[in-house]
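Student: Provided herewith: final_37.tsv, TSV, C-alpha atoms.
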chain	number	residue	atom	x	y	z
A	234	MET	CA	123.40	76.45	123.43
A	235	SER	CA	123.15	77.24	119.71
A	236	THR	CA	120.57	79.86	118.75
A	237	LEU	CA	119.20	80.77	115.35
A	238	ARG	CA	117.97	84.31	114.65
A	239	THR	CA	115.56	84.45	111.72
A	240	ALA	CA	115.06	87.33	109.32
A	241	ARG	CA	111.95	88.42	111.22
A	242	GLY	CA	113.99	88.77	114.42
A	243	ASP	CA	112.78	85.63	116.21
A	244	LEU	CA	115.26	83.60	118.26
A	245	HIS	CA	115.09	79.78	118.16
A	246	ALA	CA	117.10	77.27	120.17
A	247	LEU	CA	118.58	74.52	118.00
A	248	VAL	CA	117.91	71.05	119.39
A	249	ASP	CA	120.93	68.71	119.52
A	250	PRO	CA	123.04	70.50	116.88
A	251	PRO	CA	126.29	68.78	115.90
A	252	ALA	CA	129.46	70.16	117.43
A	253	SER	CA	130.68	70.93	113.92
A	254	LEU	CA	127.58	73.01	113.04
A	255	ILE	CA	129.44	76.23	112.19
A	256	SER	CA	131.95	74.53	109.91
A	257	ASP	CA	129.18	72.37	108.41
A	258	LEU	CA	127.23	75.49	107.51
A	259	SER	CA	130.29	76.88	105.77
A	260	ASP	CA	131.09	73.59	103.99
A	261	HIS	CA	127.43	72.63	103.29
A	262	GLY	CA	127.72	69.64	105.64
A	263	GLU	CA	126.78	66.05	104.92
A	264	PRO	CA	123.86	65.52	102.46
A	265	GLY	CA	120.66	64.77	104.32
A	266	GLY	CA	122.19	65.69	107.63
A	267	TYR	CA	121.37	68.28	110.29
A	268	VAL	CA	122.53	71.19	108.14
A	269	ASP	CA	120.22	70.25	105.26
A	270	ARG	CA	117.27	69.93	107.60
A	271	LEU	CA	118.12	73.30	109.14
A	272	ARG	CA	118.42	74.94	105.73
A	273	ASP	CA	115.09	73.44	104.62
A	274	GLU	CA	113.39	74.73	107.75
A	275	VAL	CA	114.83	78.24	107.32
A	276	HIS	CA	113.85	78.26	103.64
A	277	ALA	CA	110.30	77.18	104.46
A	278	ARG	CA	110.02	79.97	107.02
A	279	GLU	CA	111.35	82.51	104.49
A	280	ILE	CA	108.72	81.43	101.96
A	281	ALA	CA	106.00	81.76	104.60
A	282	ASP	CA	107.28	85.22	105.57
A	283	ALA	CA	107.29	86.35	101.93
A	284	GLU	CA	103.72	85.11	101.47
A	285	GLU	CA	102.64	86.97	104.60
A	286	ARG	CA	104.44	90.12	103.44
A	287	TRP	CA	102.94	90.12	99.95
A	288	PRO	CA	100.79	87.15	98.83
A	289	THR	CA	101.86	85.58	95.53
A	290	ALA	CA	98.43	85.99	93.95
A	291	ARG	CA	98.68	89.80	94.34
A	292	ARG	CA	102.24	90.37	93.18
A	293	ASP	CA	101.53	91.58	89.62
A	294	VAL	CA	101.74	95.36	90.03
A	295	VAL	CA	101.86	98.10	87.41
A	296	VAL	CA	103.58	101.42	88.14
A	297	LEU	CA	102.61	104.16	85.68
A	298	GLY	CA	104.71	107.30	85.31
A	299	ASP	CA	108.22	108.35	84.36
A	300	ASP	CA	108.92	110.67	87.30
A	301	GLU	CA	111.71	109.94	89.79
A	302	LEU	CA	109.04	109.10	92.35
A	303	ALA	CA	107.76	106.35	90.06
A	304	ASP	CA	111.30	104.96	89.90
A	305	ASP	CA	111.53	105.02	93.71
A	306	VAL	CA	108.22	103.20	94.11
A	307	ALA	CA	109.05	100.56	91.49
A	308	THR	CA	112.48	99.89	92.99
A	309	ALA	CA	111.08	99.49	96.49
A	310	LEU	CA	108.34	97.14	95.28
A	311	ARG	CA	110.88	94.91	93.55
A	312	GLU	CA	112.78	94.68	96.84
A	313	LEU	CA	109.56	93.24	98.27
A	314	SER	CA	109.61	90.51	95.56
A	315	VAL	CA	106.75	92.14	93.66
A	316	ARG	CA	106.52	91.58	89.89
A	317	VAL	CA	106.57	95.19	88.66
A	318	GLU	CA	105.52	96.30	85.18
A	319	ARG	CA	106.46	99.86	84.22
A	320	GLY	CA	104.60	102.04	81.74
A	321	THR	CA	103.12	105.47	81.04
A	322	GLU	CA	99.87	104.62	79.21
A	323	VAL	CA	96.66	102.79	80.08
A	324	SER	CA	97.52	100.34	77.30
A	325	HIS	CA	100.58	99.28	79.32
A	326	ILE	CA	98.39	97.61	81.96
A	327	PRO	CA	98.35	93.82	81.38
A	328	PRO	CA	95.23	91.72	82.15
A	329	CYS	CA	97.09	89.97	84.98
A	330	ALA	CA	97.59	93.20	86.97
A	331	SER	CA	96.19	93.03	90.48
A	332	LEU	CA	97.26	96.54	91.56
A	333	VAL	CA	97.91	99.71	89.55
A	334	ILE	CA	99.89	102.61	91.02
A	335	SER	CA	99.99	105.84	89.02
A	336	VAL	CA	102.57	108.49	89.88
A	337	ALA	CA	102.07	111.90	88.26
A	338	ALA	CA	104.17	115.06	88.30
A	339	THR	CA	101.88	117.03	85.95
A	340	ARG	CA	98.16	117.34	85.35
A	341	GLN	CA	98.58	115.93	81.87
A	342	GLU	CA	99.74	112.65	83.41
A	343	ARG	CA	96.51	112.50	85.40
A	344	ALA	CA	94.30	112.82	82.32
A	345	CYS	CA	93.82	109.03	82.12
A	346	TRP	CA	92.69	108.69	85.72
A	347	ALA	CA	88.98	108.96	84.90
A	348	GLU	CA	89.35	105.76	82.90
A	349	LEU	CA	91.49	104.08	85.54
A	350	ASP	CA	88.95	104.92	88.25
A	351	ARG	CA	86.99	101.95	86.89
A	352	LEU	CA	89.75	99.49	87.81
A	353	PRO	CA	88.12	98.49	91.14
A	354	GLU	CA	85.07	97.30	89.21
A	355	ARG	CA	87.36	94.57	87.86
A	356	GLY	CA	88.78	93.77	91.29
A	357	VAL	CA	92.02	95.66	90.65
A	358	GLY	CA	93.51	97.85	93.37
A	359	TRP	CA	94.10	101.50	92.41
A	360	ILE	CA	96.54	103.94	94.07
A	361	ARG	CA	97.27	107.50	92.93
A	362	ALA	CA	100.24	109.66	93.97
A	363	TYR	CA	101.00	113.10	92.56
A	364	ARG	CA	102.48	116.47	93.27
A	365	GLU	CA	101.58	120.04	92.51
A	366	ASP	CA	104.96	121.78	92.54
A	367	ALA	CA	106.17	121.28	96.14
A	368	VAL	CA	102.92	119.85	97.53
A	369	TRP	CA	102.55	116.06	97.46
A	370	PHE	CA	99.39	113.96	97.62
A	371	VAL	CA	98.47	110.30	97.90
A	372	ASP	CA	94.78	109.74	97.25
A	373	PRO	CA	92.68	107.18	99.11
A	374	VAL	CA	93.30	103.68	97.82
A	375	ALA	CA	90.40	102.31	95.78
A	376	PHE	CA	89.59	98.60	95.77
A	377	THR	CA	85.78	98.62	95.53
A	378	PRO	CA	83.50	100.57	93.14
A	379	GLU	CA	82.25	102.60	96.12
A	380	ASP	CA	85.68	103.99	97.02
A	381	PRO	CA	86.55	107.64	96.21
A	382	THR	CA	87.70	108.30	92.68
A	383	ALA	CA	90.22	110.88	91.50
A	384	HIS	CA	87.27	113.10	90.59
A	385	HIS	CA	85.81	112.78	94.10
A	386	VAL	CA	89.12	113.83	95.63
A	387	LEU	CA	89.44	116.85	93.36
A	388	ARG	CA	85.87	118.00	94.09
A	389	ARG	CA	86.48	117.60	97.83
A	390	ARG	CA	89.71	119.61	97.63
A	391	ILE	CA	87.95	122.38	95.73
A	392	ALA	CA	85.06	122.41	98.18
A	393	ALA	CA	87.45	122.67	101.15
A	394	ALA	CA	89.52	125.49	99.63
A	395	PRO	CA	89.19	129.01	101.13
A	396	ASP	CA	88.26	130.26	97.63
A	397	PRO	CA	86.60	127.38	95.72
A	398	ILE	CA	86.14	129.41	92.53
A	399	ARG	CA	89.86	130.18	92.22
A	400	ALA	CA	90.73	126.64	93.29
A	401	GLU	CA	88.58	125.21	90.51
A	402	ALA	CA	90.07	127.61	87.97
A	403	TYR	CA	93.56	126.56	89.04
A	404	ALA	CA	92.58	122.90	88.73
A	405	ARG	CA	91.61	123.51	85.10
A	406	THR	CA	94.80	125.42	84.23
A	407	ASP	CA	97.74	123.79	82.49
A	408	VAL	CA	100.84	124.70	84.46
A	409	PRO	CA	104.51	124.41	83.41
A	410	THR	CA	106.49	121.32	84.26
A	411	PRO	CA	107.38	121.57	87.96
A	412	ALA	CA	110.89	121.84	89.31
A	413	PRO	CA	112.70	118.60	90.12
A	414	ALA	CA	111.29	116.84	93.16
A	415	ILE	CA	113.13	117.32	96.44
A	416	ARG	CA	114.40	114.16	98.09
A	417	VAL	CA	112.38	114.48	101.31
A	418	GLY	CA	109.14	114.77	99.35
A	419	ARG	CA	110.02	111.72	97.30
A	420	ALA	CA	111.00	109.73	100.39
A	421	LEU	CA	107.88	110.53	102.41
A	422	THR	CA	105.54	110.01	99.48
A	423	THR	CA	107.20	106.73	98.55
A	424	ALA	CA	106.81	105.58	102.15
A	425	ARG	CA	103.11	106.44	102.10
A	426	VAL	CA	102.54	104.62	98.80
A	427	LEU	CA	104.35	101.54	100.13
A	428	THR	CA	102.44	101.62	103.42
A	429	VAL	CA	99.13	101.69	101.56
A	430	SER	CA	100.30	99.09	99.04
A	431	LEU	CA	101.35	96.66	101.78
A	432	ALA	CA	98.01	97.16	103.53
A	433	TRP	CA	96.25	96.35	100.25
A	434	ALA	CA	98.40	93.28	99.60
A	435	GLN	CA	97.87	91.93	103.12
A	436	ARG	CA	94.18	92.94	103.29
A	437	SER	CA	95.09	94.73	106.50
A	438	PRO	CA	92.35	96.25	108.72
A	439	ASP	CA	94.09	99.61	108.10
A	440	LEU	CA	92.96	99.40	104.49
A	441	GLU	CA	89.51	100.73	105.37
A	442	LEU	CA	91.07	103.89	106.81
A	443	PHE	CA	93.41	104.30	103.85
A	444	SER	CA	90.41	104.05	101.50
A	445	VAL	CA	88.89	107.26	102.91
A	446	THR	CA	92.03	109.29	103.66
A	447	LEU	CA	93.85	111.81	101.48
A	448	TRP	CA	97.51	112.15	102.51
A	449	LYS	CA	99.30	115.47	101.94
A	450	PHE	CA	102.83	116.74	102.44
A	451	VAL	CA	103.72	120.43	102.08
A	452	SER	CA	107.45	120.78	101.46
A	453	CYS	CA	107.83	124.43	102.49
A	454	THR	CA	106.40	123.80	105.97
A	455	GLY	CA	107.47	120.18	106.33
A	456	ARG	CA	103.97	119.26	107.49
A	457	VAL	CA	102.12	116.02	106.80
A	458	SER	CA	98.35	116.02	107.10
A	459	GLU	CA	95.47	113.63	106.43
A	460	HIS	CA	92.00	114.54	105.23
A	461	PRO	CA	88.82	112.43	105.09
A	462	ILE	CA	87.39	111.77	101.64
A	463	LEU	CA	84.20	109.80	101.03
A	464	GLY	CA	82.98	108.40	97.74
A	465	TYR	CA	79.50	109.30	96.52
A	466	PRO	CA	77.22	108.29	93.66
A	467	GLU	CA	77.79	110.39	90.58
A	468	PRO	CA	74.76	112.53	89.60
A	469	ALA	CA	72.67	111.48	86.63
A	470	GLU	CA	73.83	112.75	83.25
A	471	GLY	CA	72.82	116.37	82.71
A	472	VAL	CA	72.51	117.10	86.44
A	473	THR	CA	75.06	119.47	87.96
A	474	THR	CA	75.98	119.78	91.61
A	475	VAL	CA	77.75	122.36	93.72
A	476	PRO	CA	80.50	120.89	95.92
A	477	ARG	CA	79.92	121.34	99.62
A	478	GLU	CA	81.85	120.70	102.80
Before we go any further, please render this structure as structure tokens.
Tutor:
Amino acid sequence: MSTLRTARGDLHALVDPPASLISDLSDHGEPGGYVDRLRDEVHAREIADAEERWPTARRDVVVLGDDELADDVATALRELSVRVERGTEVSHIPPCASLVISVAATRQERACWAELDRLPERGVGWIRAYREDAVWFVDPVAFTPEDPTAHHVLRRRIAAAPDPIRAEAYARTDVPTPAPAIRVGRALTTARVLTVSLAWAQRSPDLELFSVTLWKFVSCTGRVSEHPILGYPEPAEGVTTVPRE
């Protein structure tokens, strides 16, 4: 019995294949024959798999940043048949973009995030990944105006710090360019970004969890942790608030 194994790992019995099937596959077989029908069926299944993996309507993705991690993310997305646009500035985001991923190695690269936090208001997905020396973060994905912004995440991190005053002072300090990223940090962070990106593309049920979870990897301890982050209405202009747990 002849069996076909598809790219997704399924096994299918071939019904009444010609005895010359193997050689026909190598020689392309007779036009319109069994081999053509088999190829058409396999191709149709591959198209369906690709659409399930990452729907065509959501394949215009922008990756901002010039760090090695940004290169890793862009390369992996292209392997998923995503149309990737690279850039470093807000002006590099085309109107057709359905998802924007910003990868930052310095605080200066995160300066534009307040503006980009408005992307979900236009129906654009928004993912942020960054590192502070040897500590890596992937913020909650934002795809609705109610989702946590970069500012929300920073305020929550400051509020949860053992010494919030020093944590806030550090957050306002310009620090030197960090050392080159270690490979394990890049690999784990890339994997997290791709996991969240695929959930966004597929509208997976996991997306709700990813929209309220800050992911963190500490290189020196090798520990990965996740922390809940909730969005909140910004106070009226002129009103100040003290971050709380």
Student: Quick one: pull the distance between atom CA of A:Ser458 and atom CA of A:Arg425, Å, one decimal.
Tutor: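 Result for atom CA of A:Ser458 versus atom CA of A:Arg425: 11.8 Å, one decimal.
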Student: To one decimal place in Å, what is the distance between atom CA of A:Val451 and atom CA of A:Gly418?
Tutor: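 Separation between atom CA of A:Val451 and atom CA of A:Gly418: 8.3 Å.
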Student: Stretch 313-325 of chain A: which residues within 9 Å, counting all atoms listed in the file, same-chain residues fewer than 3 positions away excluded, as JSON, numbers by chain?
Tutor: {"A": [283, 286, 287, 289, 291, 292, 293, 294, 295, 296, 297, 298, 299, 303, 307, 308, 309, 310, 330, 335, 342, 345, 348, 349]}
Student: Have a look at A:Gly464, A:Pro327, A:Pro438, A:Pro251 and name the one nearest to A:Thr377; count only C-alpha atoms.
Tutor: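 That would be A:Gly464, the residue with the smallest distance to A:Thr377.
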Student: Smallest atom-to-atom distance to A:Thr339: which of A:Ile326, A:Trp369, A:Leu427, A:Gly356, using all atoms listed in the file?
Tutor: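 Nearest to A:Thr339: A:Trp369.
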Student: Please indicate the distance in Å from atom CA of A:Trp346 to atom CA of A:Val368, rounded to one decimal place.
Tutor: 19.2 Å
Student: From the list A:Leu237, A:Ala347, A:Ala281, A:Asp243, which residue is nearest A:Ala383 when using all atoms listed in the file?
Tutor: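 Of A:Leu237, A:Ala347, A:Ala281, A:Asp243, the one nearest A:Ala383 is A:Ala347, counting all atoms listed in the file.
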Student: I need the residue nearest A:Glu459 from this list: A:Asp396, A:Asp380, A:Asp366, A:Asp372. Use all atoms listed in the file for the distance.
Tutor: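 Among A:Asp396, A:Asp380, A:Asp366, A:Asp372, it is A:Asp372 that comes nearest to A:Glu459.
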Student: Which residue out of A:Ala338, A:Arg456, A:Glu441, A:Asp350 has the minimum interatomic distance to A:Asp300 when all atoms listed in the file are used?
Tutor: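 Once distances to A:Asp300 are computed over all atoms listed in the file, the minimum belongs to A:Ala338.
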Student: Which is closest to A:His460 among A:Val408, A:Leu421, A:Val248, A:Val386, if we use all atoms listed in the file?
Tutor: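 Counting all atoms listed in the file, the residue closest to A:His460 is A:Val386.
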Student: Provide stretch 289-303 of chain A rebuilt to N, CA and C atoms, formatted as a JSON list (two decimals), in the coordinates of the input.
Tutor:
[["chain", "number", "residue", "atom", "x", "y", "z"],
["A", 289, "THR", "N", 101.47, 85.83, 96.92],
["A", 289, "THR", "CA", 101.86, 85.58, 95.53],
["A", 289, "THR", "C", 100.78, 85.99, 94.54],
["A", 290, "ALA", "N", 99.53, 85.72, 94.87],
["A", 290, "ALA", "CA", 98.43, 85.99, 93.95],
["A", 290, "ALA", "C", 98.24, 87.48, 93.69],
["A", 291, "ARG", "N", 98.88, 88.36, 94.50],
["A", 291, "ARG", "CA", 98.68, 89.80, 94.34],
["A", 291, "ARG", "C", 99.96, 90.52, 93.95],
["A", 292, "ARG", "N", 100.92, 89.78, 93.42],
["A", 292, "ARG", "CA", 102.24, 90.37, 93.18],
["A", 292, "ARG", "C", 102.41, 90.99, 91.79],
["A", 293, "ASP", "N", 101.41, 90.95, 90.94],
["A", 293, "ASP", "CA", 101.53, 91.58, 89.62],
["A", 293, "ASP", "C", 101.06, 93.03, 89.74],
["A", 294, "VAL", "N", 102.02, 93.94, 89.78],
["A", 294, "VAL", "CA", 101.74, 95.36, 90.03],
["A", 294, "VAL", "C", 102.26, 96.20, 88.87],
["A", 295, "VAL", "N", 101.46, 97.17, 88.46],
["A", 295, "VAL", "CA", 101.86, 98.10, 87.41],
["A", 295, "VAL", "C", 102.13, 99.46, 88.04],
["A", 296, "VAL", "N", 103.26, 100.06, 87.71],
["A", 296, "VAL", "CA", 103.58, 101.42, 88.14],
["A", 296, "VAL", "C", 103.62, 102.30, 86.89],
["A", 297, "LEU", "N", 102.68, 103.24, 86.81],
["A", 297, "LEU", "CA", 102.61, 104.16, 85.68],
["A", 297, "LEU", "C", 103.29, 105.47, 86.04],
["A", 298, "GLY", "N", 104.05, 106.03, 85.09],
["A", 298, "GLY", "CA", 104.71, 107.30, 85.31],
["A", 298, "GLY", "C", 106.19, 107.21, 85.02],
["A", 299, "ASP", "N", 106.78, 108.34, 84.63],
["A", 299, "ASP", "CA", 108.22, 108.35, 84.36],
["A", 299, "ASP", "C", 108.96, 109.35, 85.24],
["A", 300, "ASP", "N", 108.31, 109.76, 86.33],
["A", 300, "ASP", "CA", 108.92, 110.67, 87.30],
["A", 300, "ASP", "C", 109.89, 109.89, 88.19],
["A", 301, "GLU", "N", 110.78, 110.60, 88.87],
["A", 301, "GLU", "CA", 111.71, 109.94, 89.79],
["A", 301, "GLU", "C", 110.96, 109.21, 90.90],
["A", 302, "LEU", "N", 109.83, 109.76, 91.31],
["A", 302, "LEU", "CA", 109.04, 109.10, 92.35],
["A", 302, "LEU", "C", 108.56, 107.74, 91.87],
["A", 303, "ALA", "N", 108.18, 107.64, 90.61],
["A", 303, "ALA", "CA", 107.76, 106.35, 90.06],
["A", 303, "ALA", "C", 108.91, 105.35, 90.10]]
